[in-house]
$ cat my_file.txt   # compact mmCIF, C-alpha atoms and all ligand atoms
# COMPACT_ATOMS: atom_id res chain seq x y z
CA MET A 1 0.00 0.00 0.00
CA LEU A 2 2.78 2.36 0.92
CA ARG A 3 4.60 1.63 -2.31
CA ARG A 4 1.44 2.16 -4.37
CA MET A 5 0.82 5.54 -2.76
CA HIS A 6 4.47 6.60 -2.74
CA PRO A 7 4.74 10.23 -3.83
CA ASP A 8 7.10 9.21 -6.62
CA GLY A 9 4.31 7.13 -8.18
CA PRO A 10 2.19 8.24 -11.13
CA GLU A 11 -0.48 9.67 -8.85
CA ARG A 12 2.22 11.93 -7.42
CA ARG A 13 1.61 14.65 -9.97
CA HIS A 14 -0.92 17.09 -8.66
CA PRO A 15 -2.60 19.71 -10.84
CA TYR A 16 -0.88 22.36 -8.76
CA ASP A 17 2.54 20.75 -8.94
CA LEU A 18 4.46 23.77 -10.22
CA GLY A 19 7.49 21.56 -10.85
CA HIS A 20 5.47 19.82 -13.54
CA ALA A 21 4.33 23.18 -14.91
CA ILE A 22 7.96 24.29 -15.16
CA ARG A 23 9.07 21.14 -16.91
CA THR A 24 6.24 21.08 -19.43
CA GLY A 25 5.68 24.81 -19.80
CA HIS A 26 1.96 24.18 -19.46
CA LYS A 27 -0.49 25.61 -16.99
CA PRO A 28 -1.85 22.87 -14.74
CA PRO A 29 -5.60 22.35 -15.09
CA ARG A 30 -7.89 24.21 -12.77
CA LEU A 31 -9.28 22.20 -9.89
CA ASP A 32 -12.96 21.38 -10.30
CA PHE A 33 -13.84 22.61 -6.85
CA GLU A 34 -12.44 26.08 -7.29
CA ARG A 35 -15.08 28.72 -7.74
CA ALA A 36 -12.55 31.30 -8.85
CA PRO A 37 -9.54 30.57 -11.05
CA ILE A 38 -6.21 30.32 -9.26
CA PRO A 39 -3.54 32.03 -11.35
CA ILE A 40 -0.48 29.83 -11.74
CA VAL A 41 2.56 32.02 -12.20
CA PRO A 42 5.20 30.37 -14.37
CA VAL A 43 8.21 30.32 -12.11
CA THR A 44 10.49 31.76 -14.77
CA ASP A 45 8.33 34.91 -14.71
CA PHE A 46 7.99 34.86 -10.96
CA ARG A 47 8.44 38.18 -9.20
CA PRO A 48 7.33 38.81 -5.65
CA ARG A 49 4.47 41.22 -5.88
CA VAL A 50 1.22 42.07 -4.24
CA ARG A 51 -0.90 38.97 -4.57
CA PRO A 52 -4.12 38.12 -2.85
CA ALA A 53 -3.96 35.32 -0.33
CA THR A 54 -7.18 33.59 0.49
CA GLU A 55 -7.50 32.16 3.92
CA ASP A 56 -9.81 29.48 5.10
CA HIS A 57 -12.10 31.87 6.96
CA GLY A 58 -13.08 33.43 3.67
CA ARG A 59 -11.45 36.79 4.35
CA GLU A 60 -9.25 38.23 1.62
CA ARG A 61 -5.96 39.78 2.55
CA ARG A 62 -3.34 41.46 0.54
CA LEU A 63 0.16 40.35 1.40
CA SER A 64 3.17 41.81 -0.26
CA THR A 65 6.87 41.05 -0.55
CA ARG A 66 7.48 44.56 -1.87
CA ARG A 67 8.86 45.83 1.40
CA TRP A 68 11.58 43.19 1.40
CA ALA A 69 11.99 42.87 -2.35
CA ARG A 70 15.37 44.56 -2.25
CA PRO A 71 18.05 41.98 -2.95
CA LEU A 72 18.48 39.56 -0.06
CA THR A 73 22.08 39.85 1.03
CA CYS A 74 24.04 38.69 4.03
CA GLN A 75 23.65 40.97 7.00
CA ALA A 76 26.07 43.49 8.43
CA GLY A 77 28.63 41.76 10.63
CA SER A 78 28.66 38.60 8.50
CA GLN A 79 31.90 37.70 6.73
CA ASP A 80 29.84 37.56 3.55
CA ARG A 81 28.25 40.95 4.06
CA GLY A 82 26.67 42.24 0.87
CA ASN A 83 26.79 38.87 -0.89
CA PRO A 84 23.53 37.11 -1.75
CA MET A 85 21.89 35.10 1.04
CA LYS A 86 22.53 31.41 0.49
CA VAL A 87 19.45 29.35 1.27
CA LEU A 88 18.81 25.60 1.32
CA VAL A 89 15.13 24.66 0.91
CA THR A 90 14.37 20.98 1.52
CA GLY A 91 11.45 19.60 -0.48
CA GLY A 92 11.70 22.47 -2.94
CA THR A 93 10.42 20.57 -5.96
CA SER A 94 6.73 21.34 -5.40
CA GLY A 95 4.14 23.00 -3.22
CA LEU A 96 5.22 25.32 -0.40
CA GLY A 97 8.92 24.53 -0.88
CA LEU A 98 8.86 25.53 -4.51
CA ALA A 99 6.90 28.70 -3.77
CA MET A 100 9.42 29.72 -1.08
CA ALA A 101 12.44 28.82 -3.21
CA SER A 102 10.96 30.87 -6.08
CA ALA A 103 10.25 33.90 -3.89
CA LEU A 104 13.74 33.77 -2.36
CA ALA A 105 15.47 33.34 -5.73
CA ALA A 106 13.43 36.16 -7.25
CA THR A 107 14.52 38.53 -4.48
CA GLY A 108 18.23 37.84 -4.96
CA ALA A 109 19.00 34.88 -2.72
CA THR A 110 21.06 32.00 -4.05
CA VAL A 111 18.95 28.90 -3.54
CA ALA A 112 19.65 25.18 -3.39
CA LEU A 113 16.46 23.14 -3.45
CA THR A 114 16.23 19.45 -2.74
CA GLY A 115 14.06 16.46 -3.53
CA ARG A 116 14.46 12.70 -3.48
CA SER A 117 15.36 12.64 -7.17
CA GLY A 118 18.41 14.71 -8.11
CA GLU A 119 17.19 14.88 -11.69
CA ARG A 120 13.84 16.30 -10.65
CA ALA A 121 15.47 18.77 -8.25
CA GLU A 122 17.83 19.99 -10.96
CA SER A 123 15.09 20.36 -13.54
CA VAL A 124 12.92 22.39 -11.13
CA ALA A 125 15.91 24.52 -10.05
CA ALA A 126 16.67 25.26 -13.69
CA GLY A 127 13.48 27.34 -13.78
CA LEU A 128 14.60 29.63 -10.95
CA PRO A 129 17.24 32.36 -11.28
CA GLY A 130 20.62 31.20 -9.96
CA ALA A 131 19.18 28.13 -8.22
CA THR A 132 20.69 24.68 -8.00
CA GLY A 133 19.00 21.33 -7.41
CA VAL A 134 20.40 18.68 -5.06
CA GLU A 135 19.30 15.12 -4.36
CA MET A 136 18.47 14.55 -0.70
CA ASP A 137 16.33 11.96 1.02
CA VAL A 138 15.72 13.51 4.42
CA ARG A 139 15.11 10.07 5.98
CA ASP A 140 18.61 8.92 5.16
CA GLU A 141 21.51 10.22 7.23
CA SER A 142 24.15 9.61 4.57
CA SER A 143 22.02 11.18 1.84
CA VAL A 144 21.53 14.24 4.07
CA ALA A 145 25.28 14.50 4.76
CA ARG A 146 26.13 14.21 1.05
CA ALA A 147 23.49 16.75 0.03
CA VAL A 148 24.48 19.32 2.67
CA ASP A 149 28.09 18.95 1.62
CA ARG A 150 27.16 19.44 -2.03
CA ALA A 151 24.88 22.41 -1.36
CA TRP A 152 27.48 23.99 0.94
CA SER A 153 30.20 23.80 -1.70
CA ARG A 154 27.95 24.84 -4.61
CA LEU A 155 26.59 27.87 -2.73
CA GLY A 156 29.79 28.66 -0.84
CA GLY A 157 28.07 28.16 2.53
CA ILE A 158 24.48 28.14 3.79
CA ASP A 159 23.06 31.17 5.61
CA MET A 160 19.55 29.85 5.93
CA LEU A 161 17.94 26.39 6.07
CA VAL A 162 14.25 26.00 5.32
CA ASN A 163 13.24 22.61 6.72
CA ASN A 164 10.16 21.91 4.62
CA ALA A 165 10.31 18.41 3.08
CA GLY A 166 7.40 16.31 4.16
CA ILE A 167 4.71 13.80 3.26
CA GLY A 168 1.10 14.03 4.31
CA MET A 169 -1.95 11.93 5.08
CA ARG A 170 -2.37 11.13 1.40
CA THR A 171 0.44 8.59 1.67
CA VAL A 172 -1.44 6.80 4.46
CA ASN A 173 -5.10 7.20 3.51
CA PRO A 174 -5.84 8.62 0.03
CA ARG A 175 -9.35 9.59 1.19
CA PHE A 176 -8.27 11.23 4.43
CA MET A 177 -10.32 14.37 3.77
CA THR A 178 -13.61 12.55 3.26
CA GLN A 179 -13.18 9.17 4.94
CA PRO A 180 -10.83 9.62 7.90
CA GLN A 181 -9.37 6.44 9.39
CA GLY A 182 -9.01 5.65 13.08
CA PHE A 183 -5.42 5.43 14.31
CA TRP A 184 -5.86 1.68 14.85
CA GLU A 185 -6.30 1.25 11.10
CA VAL A 186 -3.00 2.93 10.20
CA PRO A 187 -0.34 0.47 9.02
CA SER A 188 2.82 0.69 11.10
CA ASP A 189 5.09 1.13 8.05
CA ALA A 190 2.98 4.10 6.91
CA PHE A 191 3.20 5.59 10.42
CA ARG A 192 6.98 5.17 10.45
CA ALA A 193 7.42 6.61 6.96
CA VAL A 194 5.66 9.87 7.92
CA ILE A 195 7.55 10.21 11.22
CA ASP A 196 10.86 9.41 9.47
CA THR A 197 10.26 12.08 6.85
CA ASN A 198 8.53 14.83 8.80
CA LEU A 199 10.18 14.60 12.22
CA THR A 200 13.43 12.66 11.88
CA GLY A 201 14.03 14.43 8.55
CA TYR A 202 13.93 17.92 10.15
CA PHE A 203 16.28 16.67 12.88
CA LEU A 204 18.79 15.07 10.50
CA VAL A 205 19.07 18.10 8.22
CA ALA A 206 19.32 20.59 11.10
CA ARG A 207 21.84 18.38 12.90
CA GLU A 208 24.02 18.29 9.78
CA ILE A 209 23.90 22.03 9.12
CA THR A 210 23.98 23.54 12.60
CA PRO A 211 27.66 22.79 13.42
CA ARG A 212 28.64 24.37 10.10
CA MET A 213 26.54 27.46 10.85
CA LEU A 214 28.01 27.71 14.35
CA ALA A 215 31.54 27.44 12.95
CA SER A 216 30.86 30.15 10.40
CA GLY A 217 29.45 32.56 12.99
CA GLY A 218 25.69 32.21 12.55
CA GLY A 219 22.75 31.24 10.42
CA ARG A 220 18.98 30.95 10.30
CA ILE A 221 16.76 27.90 10.46
CA VAL A 222 13.09 28.04 9.52
CA ASN A 223 11.01 24.95 10.28
CA ILE A 224 7.73 24.69 8.37
CA SER A 225 4.81 23.68 10.54
CA ILE A 226 1.02 23.28 10.52
CA ASN A 227 -1.93 24.65 12.50
CA HIS A 228 -2.23 23.33 16.04
CA SER A 229 -5.78 22.17 15.27
CA THR A 230 -4.44 19.90 12.48
CA MET A 231 -1.98 18.32 14.92
CA ARG A 232 -4.98 17.06 16.93
CA ARG A 233 -7.53 16.40 14.16
CA ALA A 234 -9.40 13.07 14.08
CA GLY A 235 -8.09 10.86 11.30
CA PHE A 236 -4.73 12.67 11.17
CA VAL A 237 -2.46 9.98 12.59
CA PRO A 238 0.44 10.08 11.87
CA TYR A 239 0.67 13.47 10.10
CA GLY A 240 -0.59 15.50 13.08
CA PRO A 241 1.78 13.88 15.60
CA SER A 242 4.70 14.15 13.15
CA ARG A 243 4.30 17.92 12.92
CA ALA A 244 3.53 18.27 16.65
CA GLY A 245 6.89 16.54 17.14
CA SER A 246 8.70 18.76 14.65
CA GLU A 247 7.22 21.84 16.34
CA ALA A 248 8.48 20.67 19.74
CA LEU A 249 11.84 19.89 18.12
CA SER A 250 11.96 23.41 16.72
CA ARG A 251 11.29 24.98 20.13
CA ILE A 252 14.05 22.89 21.71
CA MET A 253 16.44 23.76 18.86
CA ALA A 254 15.69 27.42 19.54
CA ALA A 255 16.36 26.97 23.27
CA ASP A 256 19.61 25.09 22.63
CA LEU A 257 20.82 27.69 20.13
CA ARG A 258 19.79 30.85 22.01
CA GLY A 259 22.63 33.37 21.99
CA THR A 260 24.76 31.45 19.48
CA GLY A 261 24.00 33.50 16.36
CA VAL A 262 21.94 30.67 14.85
CA THR A 263 18.25 31.56 14.96
CA VAL A 264 15.34 29.12 14.74
CA ASN A 265 11.77 30.05 13.83
CA LEU A 266 8.55 28.31 12.86
CA LEU A 267 6.54 29.28 9.80
CA LEU A 268 3.21 27.82 8.66
CA PRO A 269 0.67 28.80 6.02
CA GLY A 270 -2.30 28.99 8.41
CA GLY A 271 -4.61 26.52 6.67
CA ALA A 272 -4.87 23.76 4.13
CA THR A 273 -2.90 24.76 1.06
CA VAL A 274 -3.23 23.50 -2.50
CA THR A 275 -0.09 21.38 -2.91
CA GLY A 276 0.82 17.76 -3.63
CA MET A 277 -0.48 16.91 -0.16
CA LEU A 278 -4.14 17.43 -1.07
CA PRO A 279 -6.03 14.83 -3.09
CA GLN A 280 -6.80 16.07 -6.59
CA ASP A 281 -10.57 15.78 -6.20
CA VAL A 282 -10.88 17.31 -2.76
CA VAL A 283 -13.64 19.85 -2.21
CA ALA A 284 -13.19 22.71 0.23
CA PRO A 285 -15.78 22.55 3.03
CA GLU A 286 -18.70 24.95 2.66
CA GLY A 287 -17.62 28.51 3.44
CA HIS A 288 -13.92 27.64 3.33
CA ARG A 289 -11.26 28.06 0.69
CA PHE A 290 -7.85 26.56 0.34
CA LEU A 291 -4.74 28.71 0.51
CA ARG A 292 -2.22 29.03 -2.29
CA PRO A 293 1.46 28.23 -1.75
CA ALA A 294 2.32 31.89 -2.53
CA VAL A 295 0.94 32.78 0.92
CA MET A 296 4.43 31.83 2.16
CA ASP A 297 6.29 34.38 -0.01
CA PRO A 298 6.17 37.50 2.18
CA PRO A 299 7.12 35.85 5.49
CA ILE A 300 9.91 33.71 4.04
CA VAL A 301 11.42 36.66 2.16
CA TRP A 302 11.19 38.74 5.33
CA LEU A 303 12.78 35.96 7.42
CA ALA A 304 15.74 36.01 5.01
CA SER A 305 16.04 39.80 5.12
CA ASP A 306 18.28 42.03 7.22
CA ASP A 307 15.22 43.11 9.22
CA ALA A 308 14.81 39.59 10.60
CA ALA A 309 18.46 39.16 11.63
CA GLY A 310 17.80 38.68 15.36
CA VAL A 311 14.35 37.12 15.15
CA HIS A 312 14.40 33.95 17.21
CA ASP A 313 11.94 31.34 18.49
CA GLU A 314 8.89 32.91 16.83
CA ARG A 315 5.91 31.11 15.32
CA ILE A 316 4.69 32.97 12.26
CA VAL A 317 1.37 32.17 10.60
CA ALA A 318 1.58 33.33 6.97
CA THR A 319 -2.08 34.40 6.72
CA GLU A 320 -1.55 36.62 9.79
CA PHE A 321 1.92 37.82 8.85
CA GLU A 322 1.15 41.52 8.39
CA GLN A 323 -0.52 41.77 11.78
CA TRP A 324 2.24 39.66 13.35
CA LEU A 325 4.85 42.00 11.86
CA ARG A 326 3.09 45.11 13.16
CA ASP A 327 2.98 43.56 16.65
CA TRP A 328 6.60 42.46 16.43
CA GLU A 329 7.74 45.91 15.28
CA SER A 330 5.85 47.57 18.12
CA ARG A 331 7.67 45.29 20.59
CA GLN A 332 11.12 46.34 19.28
N1 LIG B 1 -0.25 21.60 2.08
C1 LIG B 1 -0.67 21.98 3.26
O1 LIG B 1 -1.88 22.19 3.52
C2 LIG B 1 0.35 22.27 4.34
C3 LIG B 1 -0.07 23.06 5.43
C4 LIG B 1 0.85 23.33 6.44
C5 LIG B 1 2.15 22.85 6.34
N2 LIG B 1 2.51 22.06 5.28
C6 LIG B 1 3.89 21.57 5.26
O2 LIG B 1 4.49 22.01 4.07
C7 LIG B 1 5.60 21.18 3.78
C8 LIG B 1 5.66 20.92 2.29
O3 LIG B 1 4.53 20.17 1.89
P1 LIG B 1 3.60 20.58 0.65
O4 LIG B 1 2.24 20.79 1.19
O5 LIG B 1 4.23 21.64 -0.15
O6 LIG B 1 3.56 19.17 -0.13
P2 LIG B 1 4.18 18.70 -1.51
O7 LIG B 1 3.76 19.59 -2.62
O8 LIG B 1 3.85 17.26 -1.59
O9 LIG B 1 5.76 18.88 -1.30
C9 LIG B 1 6.50 18.02 -0.49
C10 LIG B 1 7.96 18.18 -0.81
O10 LIG B 1 8.72 17.35 0.07
C11 LIG B 1 9.61 16.57 -0.70
N3 LIG B 1 9.86 15.29 -0.03
C12 LIG B 1 8.95 14.36 0.35
N4 LIG B 1 9.57 13.32 0.93
C13 LIG B 1 10.89 13.61 0.94
C14 LIG B 1 12.05 12.94 1.42
N5 LIG B 1 11.99 11.73 2.01
N6 LIG B 1 13.25 13.54 1.26
C15 LIG B 1 13.34 14.74 0.65
N7 LIG B 1 12.29 15.42 0.17
C16 LIG B 1 11.08 14.86 0.32
C17 LIG B 1 8.99 16.42 -2.07
O11 LIG B 1 10.01 16.28 -3.04
P3 LIG B 1 10.18 15.00 -4.01
O12 LIG B 1 8.80 14.43 -4.23
O13 LIG B 1 10.80 15.61 -5.23
O14 LIG B 1 11.09 14.09 -3.27
C18 LIG B 1 8.32 17.78 -2.24
O15 LIG B 1 9.23 18.72 -2.76
C19 LIG B 1 5.43 19.92 4.64
O16 LIG B 1 6.37 19.97 5.68
C20 LIG B 1 4.04 20.06 5.22
O17 LIG B 1 3.93 19.48 6.49
C21 LIG B 1 1.64 21.79 4.27
$ encode --input "my_file.txt" --output "structure tokens"
Amino acid sequence: MLRRMHPDGPERRHPYDLGHAIRTGHKPPRLDFERAPIPIVPVTDFRPRVRPATEDHGRERRLSTRRWARPLTCQAGSQDRGNPMKVLVTGGTSGLGLAMASALAATGATVALTGRSGERAESVAAGLPGATGVEMDVRDESSVARAVDRAWSRLGGIDMLVNNAGIGMRTVNPRFMTQPQGFWEVPSDAFRAVIDTNLTGYFLVAREITPRMLASGGGRIVNISINHSTMRRAGFVPYGPSRAGSEALSRIMAADLRGTGVTVNLLLPGGATVTGMLPQDVVAPEGHRFLRPAVMDPPIVWLASDDAAGVHDERIVATEFEQWLRDWESRQ
């Protein structure tokens, strides 16, 4: 069952898989359930700009990367001051990872994005300015070590890690949105696969990179998370616990690294987002709409900017980013 539903299988390609759109040059088809068309921006033309972000409470917000769209460069005090920020995005071949890699590359960062297939990662990276693709299976310690080494030498260091690679409930129960399963029905190998990827994966990549960041005087780690309500939702074993674990891991990483120059923050979209994790035929519940991956652009670009140099141990919800930023600025 696991093998049949493996994300590398033919059902892996989702209509909103931008990696596929890049490779084929075609717009993915519009999802049946969408009442309004979702514009798919070809990544080669991608520029951070004011774009509407829908959130699942139906309110429309306008989020913008314009404020931070000046080239992302290493901060004052860094040995690399003035050079482009060097960012590693795990799971950058589709969904949120690709959106964040695209936004970062478009604002001047040098990006390495990873996926389980090196070929796929390279072909997706080829569509982003100055980006490179690296093979990395986050479940495999030696693959992680090789990939970090490769990314470090290709980029000339890593200033920021975005821990994003993950698999969702779709790999365990294809109908998880409409026919949730009790935890007792979850096969143990499916449980382990999600924990290995989503929790152990974040740990292995951060463990590999942190000593290098410490030795080079600092760095930033952003761990992608989910809503707290999803961590506890019926039918969400093992995805919910895997991300509850990675959120706890992130908080402990932040405590361990306080005062070292390596910062750790959590970032989440703030609702279900149209990526490879959602079944193709899923219908948004009445009165709700799914988010688009671009909701992550403004906060991730800001987290890589000079303004966010000392930001540490924060939990940023992308749909609430503007309000969060106003509150954060008023606390400074
Ligand atoms: N979609 C949502 O509603 C939502 C909401 C909140 C948070 N998130 C989080 O967002 C993150 C990204 O997910 P997504 O929604 O963007 O899904 P997605 O489109 O399926 O993307 C998942 C990414 O992870 C990579 N990946 C999966 N297993 C991997 C492994 N063993 N080693 C390395 N890379 C691996 C995939 O690359 P390859 O297939 O090329 O290997 C792909 O690039 C996840 O951490 C998820 O928990 C998602």
$ residues_near_ligand --input "my_file.txt" --ligand "ligand LIG 1 (chain B)" --cutoff "8 Å" --atoms "all atoms listed in the file" --output "PyMOL selection string"
chain A and resi 7-8+12+17+90-98+114-117+120-121+135-140+163-168+196-198+201+224-227+239+243+268-278+291+293
$ atom_distance --input "my_file.txt" --atom1 "CA of Val186 in chain A" --atom2 "CA of Val172 in chain A"
7.1 Å
$ residues_around --input "my_file.txt" --residues "range 282-285 of chain A" --least-positions-apart "4" --cutoff "8 Å" --atoms "only C-alpha atoms" --output "ChimeraX atom specification"
/A:33,177,278,289-290
$ closest_residue --input "my_file.txt" --among "A:Val311, A:Ser229, A:Gly217, A:Ser242" --to "Ala190 in chain A" --atoms "all atoms listed in the file"
A:Ser242
$ atom_distance --input "my_file.txt" --atom1 "CA of Gly261 in chain A" --atom2 "CA of Ala294 in chain A"
28.8 Å
$ atom_distance --input "my_file.txt" --atom1 "CA of Arg207 in chain A" --atom2 "CA of Pro129 in chain A"
28.3 Å
$ closest_residue --input "my_file.txt" --among "A:Ile316, A:Met100, A:Ala254, A:Leu113" --to "Arg292 in chain A" --atoms "all atoms listed in the file"
A:Met100
$ residues_around --input "my_file.txt" --residues "range 151-156 of chain A" --least-positions-apart "3" --cutoff "9 Å" --atoms "only C-alpha atoms" --output "ChimeraX atom specification"
/A:86-88,110-113,132-134,146-148
$ closest_residue --input "my_file.txt" --among "A:Met213, A:Ile195, A:Ile300, A:Met253" --to "Val89 in chain A" --atoms "all atoms listed in the file"
A:Ile300
$ closest_residue --input "my_file.txt" --among "A:Val237, A:Ala244, A:Ala125, A:Ala304" --to "Arg192 in chain A" --atoms "all atoms listed in the file"
A:Val237
$ residues_around --input "my_file.txt" --residues "Ala255 in chain A" --least-positions-apart "4" --cutoff "9 Å" --atoms "all atoms listed in the file" --output "JSON, numbers by chain"
{"A": [250, 251, 264, 313]}
$ write_last_selection --input "my_file.txt" --atoms "C-alpha atoms" --output "PDB file, in the coordinates of the input"
ATOM      1  CA  SER A 250      11.960  23.410  16.720  1.00  0.00           C
ATOM      2  CA  ARG A 251      11.290  24.980  20.130  1.00  0.00           C
ATOM      3  CA  VAL A 264      15.340  29.120  14.740  1.00  0.00           C
ATOM      4  CA  ASP A 313      11.940  31.340  18.490  1.00  0.00           C
TER       5      ASP A 313
END
$ closest_residue --input "my_file.txt" --among "A:Ala248, A:Val222, A:Ala99, A:Leu325" --to "Leu199 in chain A" --atoms "all atoms listed in the file"
A:Ala248
